[in-house]
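Undergrad: File upload25.csv below, CSV, C-alpha atoms and all ligand atoms:
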chain,number,residue,atom,x,y,z
A,1,MET,CA,-30.9,18.5,-20.2
A,2,LYS,CA,-29.9,15.0,-19.0
A,3,LYS,CA,-32.0,13.6,-16.0
A,4,VAL,CA,-30.4,11.8,-13.0
A,5,THR,CA,-32.2,8.5,-12.4
A,6,LYS,CA,-29.5,6.3,-11.0
A,7,ALA,CA,-27.4,6.1,-7.8
A,8,ILE,CA,-24.3,4.3,-6.7
A,9,ILE,CA,-23.7,3.5,-3.0
A,10,PRO,CA,-20.2,2.2,-2.5
A,11,ALA,CA,-20.2,-0.2,0.5
A,12,ALA,CA,-17.1,-2.3,-0.1
A,13,GLY,CA,-14.4,-0.6,2.0
A,14,LEU,CA,-12.5,-2.4,4.7
A,15,GLY,CA,-13.7,-0.1,7.4
A,16,THR,CA,-10.4,-0.2,9.3
A,17,ARG,CA,-11.3,2.9,11.5
A,18,PHE,CA,-14.1,0.9,13.0
A,19,LEU,CA,-12.6,-2.5,13.8
A,20,PRO,CA,-13.4,-5.0,15.2
A,21,ILE,CA,-17.1,-4.8,14.2
A,22,THR,CA,-16.2,-4.2,10.5
A,23,LYS,CA,-14.4,-7.6,10.3
A,24,ALA,CA,-17.8,-9.1,9.5
A,25,VAL,CA,-20.2,-6.2,9.3
A,26,PRO,CA,-19.7,-3.6,6.5
A,27,LYS,CA,-19.6,0.0,7.8
A,28,PRO,CA,-22.8,0.9,5.9
A,29,MET,CA,-24.7,-1.7,8.0
A,30,LEU,CA,-23.7,0.1,11.3
A,31,SER,CA,-27.0,1.2,12.7
A,32,VAL,CA,-28.3,4.5,14.1
A,33,ILE,CA,-30.6,3.1,16.8
A,34,ASP,CA,-32.3,0.3,14.9
A,35,LYS,CA,-31.8,1.3,11.2
A,36,PRO,CA,-28.6,0.7,9.1
A,37,THR,CA,-27.0,3.8,7.6
A,38,ILE,CA,-27.5,2.4,4.1
A,39,GLN,CA,-31.2,2.3,4.6
A,40,PHE,CA,-31.3,6.0,5.6
A,41,ILE,CA,-29.4,6.6,2.4
A,42,CYS,CA,-32.0,4.8,0.3
A,43,GLU,CA,-34.7,7.0,2.0
A,44,GLU,CA,-32.7,10.1,1.0
A,45,LEU,CA,-32.7,8.8,-2.6
A,46,ALA,CA,-36.4,7.9,-2.6
A,47,SER,CA,-37.3,11.4,-1.3
A,48,SER,CA,-35.2,12.8,-4.1
A,49,GLY,CA,-36.9,10.9,-6.8
A,50,ILE,CA,-34.2,8.2,-7.4
A,51,ALA,CA,-35.4,4.6,-7.5
A,52,ASP,CA,-32.6,2.9,-9.3
A,53,ILE,CA,-29.8,2.0,-6.9
A,54,VAL,CA,-26.6,0.0,-7.3
A,55,ILE,CA,-24.8,-1.0,-4.1
A,56,VAL,CA,-21.1,-1.9,-4.5
A,57,VAL,CA,-20.3,-4.7,-1.9
A,58,SER,CA,-17.2,-6.6,-1.0
A,59,PRO,CA,-17.0,-10.4,-1.7
A,60,GLY,CA,-19.2,-12.4,0.7
A,61,SER,CA,-21.0,-9.4,2.3
A,62,GLU,CA,-24.3,-11.2,2.2
A,63,VAL,CA,-25.5,-9.2,5.2
A,64,ILE,CA,-26.3,-6.1,2.9
A,65,LYS,CA,-28.1,-8.3,0.3
A,66,ASN,CA,-30.1,-10.0,3.1
A,67,HIS,CA,-31.2,-6.6,4.4
A,68,PHE,CA,-32.8,-5.8,1.1
A,69,SER,CA,-34.3,-9.3,0.5
A,70,PRO,CA,-37.4,-11.1,1.9
A,71,ALA,CA,-37.1,-12.9,5.3
A,72,PRO,CA,-40.0,-15.3,5.0
A,73,GLU,CA,-39.8,-16.9,8.5
A,74,LEU,CA,-39.7,-13.5,10.2
A,75,GLU,CA,-42.5,-12.1,8.0
A,76,ASN,CA,-44.8,-15.1,8.5
A,77,ARG,CA,-44.3,-14.9,12.3
A,78,LEU,CA,-45.1,-11.2,12.5
A,79,LEU,CA,-48.2,-11.8,10.4
A,80,SER,CA,-49.4,-14.7,12.5
A,81,ASP,CA,-48.7,-12.7,15.7
A,82,LYS,CA,-50.7,-9.8,14.1
A,83,LYS,CA,-47.7,-7.5,14.6
A,84,SER,CA,-48.6,-5.4,11.6
A,85,LYS,CA,-46.5,-2.4,12.4
A,86,LEU,CA,-43.4,-4.5,12.8
A,87,TYR,CA,-44.3,-6.4,9.7
A,88,ASP,CA,-44.3,-3.1,7.8
A,89,VAL,CA,-40.9,-2.2,9.3
A,90,ALA,CA,-39.5,-5.6,8.1
A,91,MET,CA,-41.0,-5.1,4.6
A,92,GLU,CA,-39.8,-1.5,4.2
A,93,THR,CA,-36.5,-2.4,2.5
A,94,LEU,CA,-38.1,-4.5,-0.2
A,95,LYS,CA,-39.6,-1.4,-1.9
A,96,TYR,CA,-36.1,-0.3,-3.2
A,97,ASN,CA,-35.0,-1.3,-6.6
A,98,VAL,CA,-31.5,-2.4,-5.5
A,99,ASN,CA,-28.8,-4.1,-7.7
A,100,PHE,CA,-25.6,-5.4,-6.3
A,101,VAL,CA,-22.1,-5.5,-7.8
A,102,VAL,CA,-19.0,-7.0,-6.2
A,103,GLN,CA,-15.7,-5.1,-5.8
A,104,GLU,CA,-13.3,-8.0,-5.6
A,105,THR,CA,-10.5,-6.0,-4.0
A,106,ALA,CA,-10.9,-2.8,-2.0
A,107,ASN,CA,-8.8,-0.7,-4.3
A,108,GLY,CA,-10.4,2.6,-3.4
A,109,LEU,CA,-13.5,4.7,-4.0
A,110,ALA,CA,-12.8,5.1,-7.7
A,111,GLY,CA,-12.4,1.3,-8.1
A,112,ALA,CA,-15.8,0.9,-6.4
A,113,ILE,CA,-17.4,3.4,-8.8
A,114,LEU,CA,-15.9,1.7,-11.8
A,115,CYS,CA,-17.5,-1.7,-10.7
A,116,ALA,CA,-20.9,-0.1,-11.1
A,117,GLU,CA,-20.2,1.1,-14.7
A,118,PRO,CA,-22.3,-1.5,-16.4
A,119,TYR,CA,-25.4,-0.2,-14.6
A,120,ILE,CA,-24.6,3.4,-15.2
A,121,ASN,CA,-24.1,3.0,-19.0
A,122,GLY,CA,-22.8,6.5,-19.6
A,123,GLU,CA,-25.6,8.3,-17.8
A,124,PRO,CA,-25.2,10.8,-14.9
A,125,PHE,CA,-25.4,9.3,-11.5
A,126,ALA,CA,-25.8,10.2,-7.8
A,127,LEU,CA,-23.0,8.9,-5.6
A,128,LEU,CA,-23.6,8.6,-1.8
A,129,LEU,CA,-20.9,7.2,0.5
A,130,GLY,CA,-22.3,4.3,2.4
A,131,ASP,CA,-21.3,5.4,5.9
A,132,GLU,CA,-22.4,9.0,5.8
A,133,LEU,CA,-25.9,10.1,6.9
A,134,ILE,CA,-27.6,13.4,6.3
A,135,TYR,CA,-30.5,14.3,8.5
A,136,ALA,CA,-32.9,16.6,6.8
A,137,GLY,CA,-35.3,18.4,9.2
A,138,GLU,CA,-38.8,19.6,8.5
A,139,GLY,CA,-38.8,21.7,5.3
A,140,ASP,CA,-35.2,20.9,4.4
A,141,LYS,CA,-34.5,19.7,0.9
A,142,PRO,CA,-32.6,16.3,0.9
A,143,CYS,CA,-28.9,16.9,0.1
A,144,ILE,CA,-28.8,14.7,-3.0
A,145,LYS,CA,-32.0,16.4,-4.3
A,146,ARG,CA,-30.2,19.8,-4.2
A,147,LEU,CA,-27.3,18.3,-6.1
A,148,ILE,CA,-29.5,16.7,-8.7
A,149,GLU,CA,-31.3,20.0,-9.4
A,150,ILE,CA,-28.0,21.7,-9.8
A,151,TYR,CA,-26.7,19.1,-12.3
A,152,GLU,CA,-29.9,19.1,-14.2
A,153,SER,CA,-29.9,22.9,-14.6
A,154,THR,CA,-26.1,23.2,-15.4
A,155,GLY,CA,-25.1,19.9,-16.9
A,156,LYS,CA,-22.0,20.0,-14.6
A,157,SER,CA,-20.9,17.5,-12.0
A,158,VAL,CA,-21.5,18.8,-8.4
A,159,ILE,CA,-20.3,17.9,-4.9
A,160,ALA,CA,-21.8,18.7,-1.5
A,161,THR,CA,-19.7,20.8,0.8
A,162,MET,CA,-20.2,21.9,4.4
A,163,GLU,CA,-18.6,24.7,6.4
A,164,VAL,CA,-16.0,23.6,8.9
A,165,PHE,CA,-13.8,25.7,11.2
A,166,GLY,CA,-10.5,25.4,13.2
A,167,ASP,CA,-8.8,22.0,13.4
A,168,ASP,CA,-11.8,20.3,11.6
A,169,VAL,CA,-10.6,21.9,8.3
A,170,SER,CA,-7.7,19.3,8.3
A,171,LYS,CA,-10.1,16.3,8.4
A,172,TYR,CA,-11.6,16.7,4.9
A,173,GLY,CA,-11.0,17.6,1.3
A,174,ASN,CA,-11.1,21.4,0.9
A,175,ILE,CA,-12.1,23.5,-2.0
A,176,GLY,CA,-10.8,26.7,-3.5
A,177,ILE,CA,-13.7,28.7,-5.0
A,178,LYS,CA,-13.5,30.5,-8.4
A,179,ASP,CA,-17.0,32.1,-8.2
A,180,GLU,CA,-20.3,31.7,-6.5
A,181,THR,CA,-23.9,32.3,-7.8
A,182,GLU,CA,-26.6,34.0,-5.7
A,183,ASP,CA,-28.1,30.7,-4.7
A,184,GLY,CA,-24.9,29.4,-3.4
A,185,VAL,CA,-23.6,27.3,-6.3
A,186,MET,CA,-19.8,27.5,-6.3
A,187,THR,CA,-17.4,26.8,-9.2
A,188,ILE,CA,-14.4,24.9,-7.8
A,189,GLU,CA,-10.9,25.9,-9.0
A,190,ARG,CA,-8.8,23.6,-6.8
A,191,ILE,CA,-9.1,20.8,-4.3
A,192,VAL,CA,-6.6,20.1,-1.4
A,193,GLU,CA,-6.8,16.9,0.6
A,194,LYS,CA,-6.9,17.3,4.4
A,195,PRO,CA,-4.9,20.6,4.4
A,196,SER,CA,-3.3,22.2,7.5
A,197,ILE,CA,-5.3,25.3,8.7
A,198,ASN,CA,-2.8,27.5,6.8
A,199,GLU,CA,-3.0,25.6,3.6
A,200,ALA,CA,-6.9,25.6,3.5
A,201,LEU,CA,-8.4,27.4,0.5
A,202,SER,CA,-11.8,28.0,2.2
A,203,ASN,CA,-14.0,26.8,5.0
A,204,ASN,CA,-15.8,24.4,2.6
A,205,ALA,CA,-15.2,20.7,3.2
A,206,ILE,CA,-16.1,17.9,0.8
A,207,ILE,CA,-18.6,15.4,2.1
A,208,GLY,CA,-19.9,12.1,0.7
A,209,ARG,CA,-22.6,13.3,-1.7
A,210,TYR,CA,-22.0,13.9,-5.4
A,211,VAL,CA,-23.8,14.0,-8.7
A,212,MET,CA,-21.4,13.1,-11.5
A,213,ASP,CA,-21.7,13.3,-15.2
A,214,GLY,CA,-21.4,9.8,-16.8
A,215,LYS,CA,-18.2,10.9,-18.6
A,216,VAL,CA,-16.3,10.6,-15.4
A,217,MET,CA,-16.2,6.8,-15.8
A,218,ASP,CA,-13.8,7.1,-18.7
A,219,MET,CA,-11.7,9.5,-16.7
A,220,LEU,CA,-11.5,7.0,-13.8
A,221,LYS,CA,-10.1,4.3,-16.1
A,222,THR,CA,-7.1,6.5,-16.9
A,223,LEU,CA,-6.1,7.2,-13.2
A,224,THR,CA,-2.8,5.9,-11.9
A,225,VAL,CA,-2.9,3.4,-9.0
A,226,ARG,CA,-1.2,4.7,-5.9
A,227,ASN,CA,-0.7,2.7,-2.6
A,228,ASN,CA,-2.9,0.0,-4.3
A,229,GLU,CA,-5.8,2.4,-4.6
A,230,ILE,CA,-7.4,4.4,-7.3
A,231,TYR,CA,-8.3,7.8,-5.8
A,232,PHE,CA,-11.6,9.4,-6.8
A,233,THR,CA,-10.2,12.8,-5.7
A,234,ASP,CA,-7.7,12.5,-8.6
A,235,ALA,CA,-10.6,12.7,-11.0
A,236,LEU,CA,-12.2,15.6,-9.0
A,237,ASP,CA,-8.8,17.5,-9.2
A,238,THR,CA,-8.8,17.2,-13.0
A,239,LEU,CA,-12.4,18.4,-13.3
A,240,ALA,CA,-11.6,21.3,-11.0
A,241,ALA,CA,-8.6,22.3,-13.0
A,242,ASN,CA,-10.9,22.5,-16.1
A,243,GLY,CA,-13.6,24.5,-14.3
A,244,GLU,CA,-16.0,21.5,-14.8
A,245,ILE,CA,-17.1,20.8,-11.3
A,246,LEU,CA,-19.4,22.7,-8.9
A,247,ALA,CA,-20.0,22.6,-5.2
A,248,SER,CA,-22.9,23.5,-3.0
A,249,ASN,CA,-23.8,23.6,0.7
A,250,PHE,CA,-27.0,21.8,1.8
A,251,ASP,CA,-29.8,21.8,4.3
A,252,GLY,CA,-29.5,19.4,7.2
A,253,ILE,CA,-26.9,17.8,9.5
A,254,ARG,CA,-24.3,15.4,8.3
A,255,TYR,CA,-23.0,12.5,10.4
A,256,ASP,CA,-20.0,10.3,9.6
A,257,VAL,CA,-21.3,7.0,11.1
A,258,GLY,CA,-18.1,5.3,10.0
A,259,ASP,CA,-16.1,7.4,12.5
A,260,LYS,CA,-16.3,6.3,16.2
A,261,PHE,CA,-17.3,9.7,17.6
A,262,GLY,CA,-19.6,10.4,14.6
A,263,TYR,CA,-21.3,7.1,15.4
A,264,VAL,CA,-21.9,8.0,19.0
A,265,LYS,CA,-23.1,11.5,18.1
A,266,ALA,CA,-25.6,10.2,15.5
A,267,ASN,CA,-27.1,7.7,17.9
A,268,LEU,CA,-27.4,10.3,20.7
A,269,GLU,CA,-29.0,12.9,18.5
A,270,TYR,CA,-31.4,10.5,16.8
A,271,ALA,CA,-32.4,9.2,20.2
A,272,LEU,CA,-33.2,12.8,21.2
A,273,ARG,CA,-35.4,13.1,18.1
A,274,SER,CA,-37.2,9.8,18.7
A,275,GLU,CA,-40.6,10.0,20.4
A,276,GLU,CA,-39.9,6.6,22.0
A,277,LEU,CA,-36.4,7.5,23.4
A,278,LYS,CA,-36.2,11.2,23.8
A,279,ASP,CA,-37.3,11.5,27.5
A,280,GLN,CA,-35.1,8.7,28.8
A,281,THR,CA,-32.2,10.0,26.7
A,282,LYS,CA,-32.6,13.5,28.1
A,283,GLU,CA,-32.7,12.1,31.7
A,284,LEU,CA,-29.5,10.1,31.0
A,285,ILE,CA,-27.7,13.2,29.6
A,286,LYS,CA,-28.7,15.2,32.7
A,287,GLU,CA,-27.4,12.4,35.0
A,288,LEU,CA,-24.2,12.1,33.1
A,289,TYR,CA,-23.7,15.9,33.1
A,290,GLU,CA,-23.9,15.9,36.9
A,291,LYS,CA,-21.1,13.3,37.0
A,292,ILE,CA,-18.6,14.7,34.6
B,301,LIG,P1,-13.8,5.2,3.4
B,301,LIG,O1,-12.9,6.2,2.9
B,301,LIG,O2,-14.4,5.5,4.7
B,301,LIG,O3,-12.9,3.8,3.5
B,301,LIG,O4,-14.9,4.8,2.3
B,301,LIG,P2,-13.1,2.5,4.2
B,301,LIG,O5,-11.9,1.6,3.7
B,301,LIG,O6,-14.4,1.8,4.2
B,301,LIG,O7,-12.9,2.9,5.8
B,301,LIG,P3,-11.6,3.1,6.7
B,301,LIG,O8,-11.1,4.5,6.4
B,301,LIG,O9,-10.6,2.0,6.4
B,301,LIG,O10,-12.2,3.0,8.1
B,301,LIG,C1,-16.0,5.6,2.0
B,301,LIG,C2,-17.1,4.7,1.4
B,301,LIG,O11,-16.6,4.1,0.2
B,301,LIG,C3,-16.7,2.7,0.3
B,301,LIG,C4,-16.8,2.4,1.8
B,301,LIG,O12,-17.5,1.2,2.0
B,301,LIG,C5,-17.5,3.6,2.4
B,301,LIG,O13,-18.9,3.5,2.3
B,301,LIG,N1,-15.5,2.1,-0.3
B,301,LIG,C6,-14.2,2.5,0.0
B,301,LIG,C7,-15.6,1.1,-1.3
B,301,LIG,O14,-16.8,0.7,-1.6
B,301,LIG,N2,-14.5,0.5,-1.8
B,301,LIG,C8,-13.3,0.9,-1.5
B,301,LIG,O15,-12.3,0.3,-2.0
B,301,LIG,C9,-13.1,1.9,-0.6
Using the file provided, produce a representation of the structure as structure tokens.
Ligand code: UTP

TA:
Amino acid sequence: MKKVTKAIIPAAGLGTRFLPITKAVPKPMLSVIDKPTIQFICEELASSGIADIVIVVSPGSEVIKNHFSPAPELENRLLSDKKSKLYDVAMETLKYNVNFVVQETANGLAGAILCAEPYINGEPFALLLGDELIYAGEGDKPCIKRLIEIYESTGKSVIATMEVFGDDVSKYGNIGIKDETEDGVMTIERIVEKPSINEALSNNAIIGRYVMDGKVMDMLKTLTVRNNEIYFTDALDTLAANGEILASNFDGIRYDVGDKFGYVKANLEYALRSEELKDQTKELIKELYEKI
């Protein structure tokens, strides 16, 4: 069975929901406390055994490349000041084998994936949206690792889904389920984009983690452009209609850092998990609670 060894992180979107910061800072560089979301994603990949990463960037987004490159002045200063812990923090991003490819025009997620085709070379790949973060607690399996295991045992593309309820159903792609195995692997029969509560096919919402068979690249090339974008969901729809795509829930908590409230939530919850910040953050929350 084919092994998954490569990953694509699309990071070239316009980030309109998060203006004005996204004029100059790509959404995947938005930080949770002190670390950009894209670095958390690289950690999820490393703990899932994937070392080969291609990041799709917009023209001129040097800030992402810089984050994964040496910073000699900073490193020398930290060394001469004997700040070895901070030196290690600064060096952390150099351990990832990251390639960059430019998406000249932000023509949608499928367009971004196609830009990475030369690196993928027909092989299966993990796809992790650059502005979504998944916190895996103690003992939790990383989300992308779960999907890789499913792909490697079935040979079928697989997407991560999470349970949503009430009005939240209308915020995500929603799947209809044909069948489900004992260990929670579902065969998708249909996908509806952001349905009303009545139109929803299930409580399972699509999130930004996928493992795709390499064949999907050819499929993406045949998609029609709508509203100047090539929609990845069009390819997922076709796979679903042919019974060729699976879905699975995952351990952990997903944050949409590219959404304003998702960003606030992620920062607050990570602060509550941080040894350095948790006490002050709890105090702050108590104070605020008294006032509202
Ligand atoms: P989004 O759907 O959040 O799109 O992309 P966006 O354009 O960045 O953001 P909004 O909706 O205007 O605020 C999901 C991921 O796919 C990447 C984005 O960078 C993000 O990480 N993406 C999206 C691309 O790389 N290229 C694109 O053309 C579109």

Undergrad: Considering only C-alpha atoms and all ligand atoms, tabulate each residue of chain A that lies at most 9 Å from ligand LIG 301 (chain B) along with its nearest interatomic pair and the corresponding distance in Å to one decimal; arrange the rows by chain and ascending residue number and present them as a Markdown table.

TA:
| residue | atom | partner | partner_atom | distance |
| --- | --- | --- | --- | --- |
| A:Ile9 | CA | B:LIG301 | O13 | 7.2 |
| A:Pro10 | CA | B:LIG301 | O14 | 3.8 |
| A:Ala11 | CA | B:LIG301 | O12 | 3.4 |
| A:Ala12 | CA | B:LIG301 | O14 | 3.4 |
| A:Gly13 | CA | B:LIG301 | O6 | 3.3 |
| A:Leu14 | CA | B:LIG301 | O5 | 4.2 |
| A:Gly15 | CA | B:LIG301 | O7 | 3.5 |
| A:Thr16 | CA | B:LIG301 | O9 | 3.6 |
| A:Arg17 | CA | B:LIG301 | O10 | 3.5 |
| A:Phe18 | CA | B:LIG301 | O10 | 5.7 |
| A:Leu19 | CA | B:LIG301 | O10 | 7.9 |
| A:Thr22 | CA | B:LIG301 | O10 | 8.6 |
| A:Pro26 | CA | B:LIG301 | O12 | 6.9 |
| A:Lys27 | CA | B:LIG301 | O12 | 6.3 |
| A:Pro28 | CA | B:LIG301 | O13 | 5.9 |
| A:Ile38 | CA | B:LIG301 | O13 | 8.9 |
| A:Ile55 | CA | B:LIG301 | O14 | 8.6 |
| A:Val56 | CA | B:LIG301 | O14 | 5.8 |
| A:Val57 | CA | B:LIG301 | O14 | 6.4 |
| A:Ser58 | CA | B:LIG301 | O14 | 7.3 |
| A:Gln103 | CA | B:LIG301 | N2 | 7.0 |
| A:Thr105 | CA | B:LIG301 | O15 | 6.9 |
| A:Ala106 | CA | B:LIG301 | O15 | 3.4 |
| A:Asn107 | CA | B:LIG301 | O15 | 4.3 |
| A:Gly108 | CA | B:LIG301 | O15 | 3.3 |
| A:Leu109 | CA | B:LIG301 | C9 | 4.4 |
| A:Ala110 | CA | B:LIG301 | O15 | 7.5 |
| A:Gly111 | CA | B:LIG301 | O15 | 6.2 |
| A:Ala112 | CA | B:LIG301 | N2 | 4.8 |
| A:Ile113 | CA | B:LIG301 | O14 | 7.7 |
| A:Leu128 | CA | B:LIG301 | O13 | 8.1 |
| A:Leu129 | CA | B:LIG301 | O13 | 4.6 |
| A:Gly130 | CA | B:LIG301 | O13 | 3.5 |
| A:Asp131 | CA | B:LIG301 | O13 | 4.7 |
| A:Glu132 | CA | B:LIG301 | O13 | 7.4 |
| A:Gly208 | CA | B:LIG301 | C1 | 7.7 |
| A:Glu229 | CA | B:LIG301 | O15 | 7.3 |
| A:Ile230 | CA | B:LIG301 | O15 | 8.3 |
| A:Asp256 | CA | B:LIG301 | O2 | 8.9 |
| A:Gly258 | CA | B:LIG301 | O2 | 6.5 |
| A:Asp259 | CA | B:LIG301 | O10 | 7.3 |

Undergrad: Choose the residue, out of A:Gly173, A:Gly155, A:Gly60, A:Pro118, that has the smallest atom-to-atom separation from A:Val192; count all atoms listed in the file.

TA: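 Using all atoms listed in the file, A:Val192 sits closest to A:Gly173.
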
Undergrad: Provide the atom CA of A:Met162 to atom CA of A:Ala51 distance in Å, to one decimal place.

TA: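 A separation of 25.9 Å between them.
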
Undergrad: Find the residue from A:Asn204, A:Asn121, A:Asn174, A:Thr5 that sits nearest to A:Glu149; use all atoms listed in the file when measuring.

TA: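 Of the candidates, the smallest distance to A:Glu149 is held by A:Thr5.
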
Undergrad: Can you measure atom CA of A:Thr37 to atom CA of A:Tyr263 for me? One decimal in Å is fine.

TA: 10.2 Å

Undergrad: Within 9 Å of stretch 70-75 of chain A, counting all atoms listed in the file, which residues qualify if same-chain residues fewer than 4 places away don't, as an MDAnalysis selection string?

TA: chainID A and resid 66 79:80 87 90:91 93:94

Undergrad: Between A:Val25, A:Cys143, A:Val158, A:Ala46, which is the closest to A:Ala240 once you count all atoms listed in the file?

TA: A:Val158

Undergrad: Give me the residues within 10 Å of A:Ile285 as a ChimeraX atom specification, counting all atoms listed in the file and dropping any in the same chain fewer than 6 places off.

TA: /A:268,279,291

Undergrad: Can I get the selected residues back with C-alpha atoms, as an mmCIF file, keeping the file's coordinate frame?

TA:
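For reference, selection.cif as written:
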data_model
loop_
_atom_site.group_PDB
_atom_site.id
_atom_site.type_symbol
_atom_site.label_atom_id
_atom_site.label_comp_id
_atom_site.auth_asym_id
_atom_site.auth_seq_id
_atom_site.Cartn_x
_atom_site.Cartn_y
_atom_site.Cartn_z
ATOM 1 C CA LEU A 268 -27.400 10.300 20.700
ATOM 2 C CA ASP A 279 -37.300 11.500 27.500
ATOM 3 C CA LYS A 291 -21.100 13.300 37.000
#
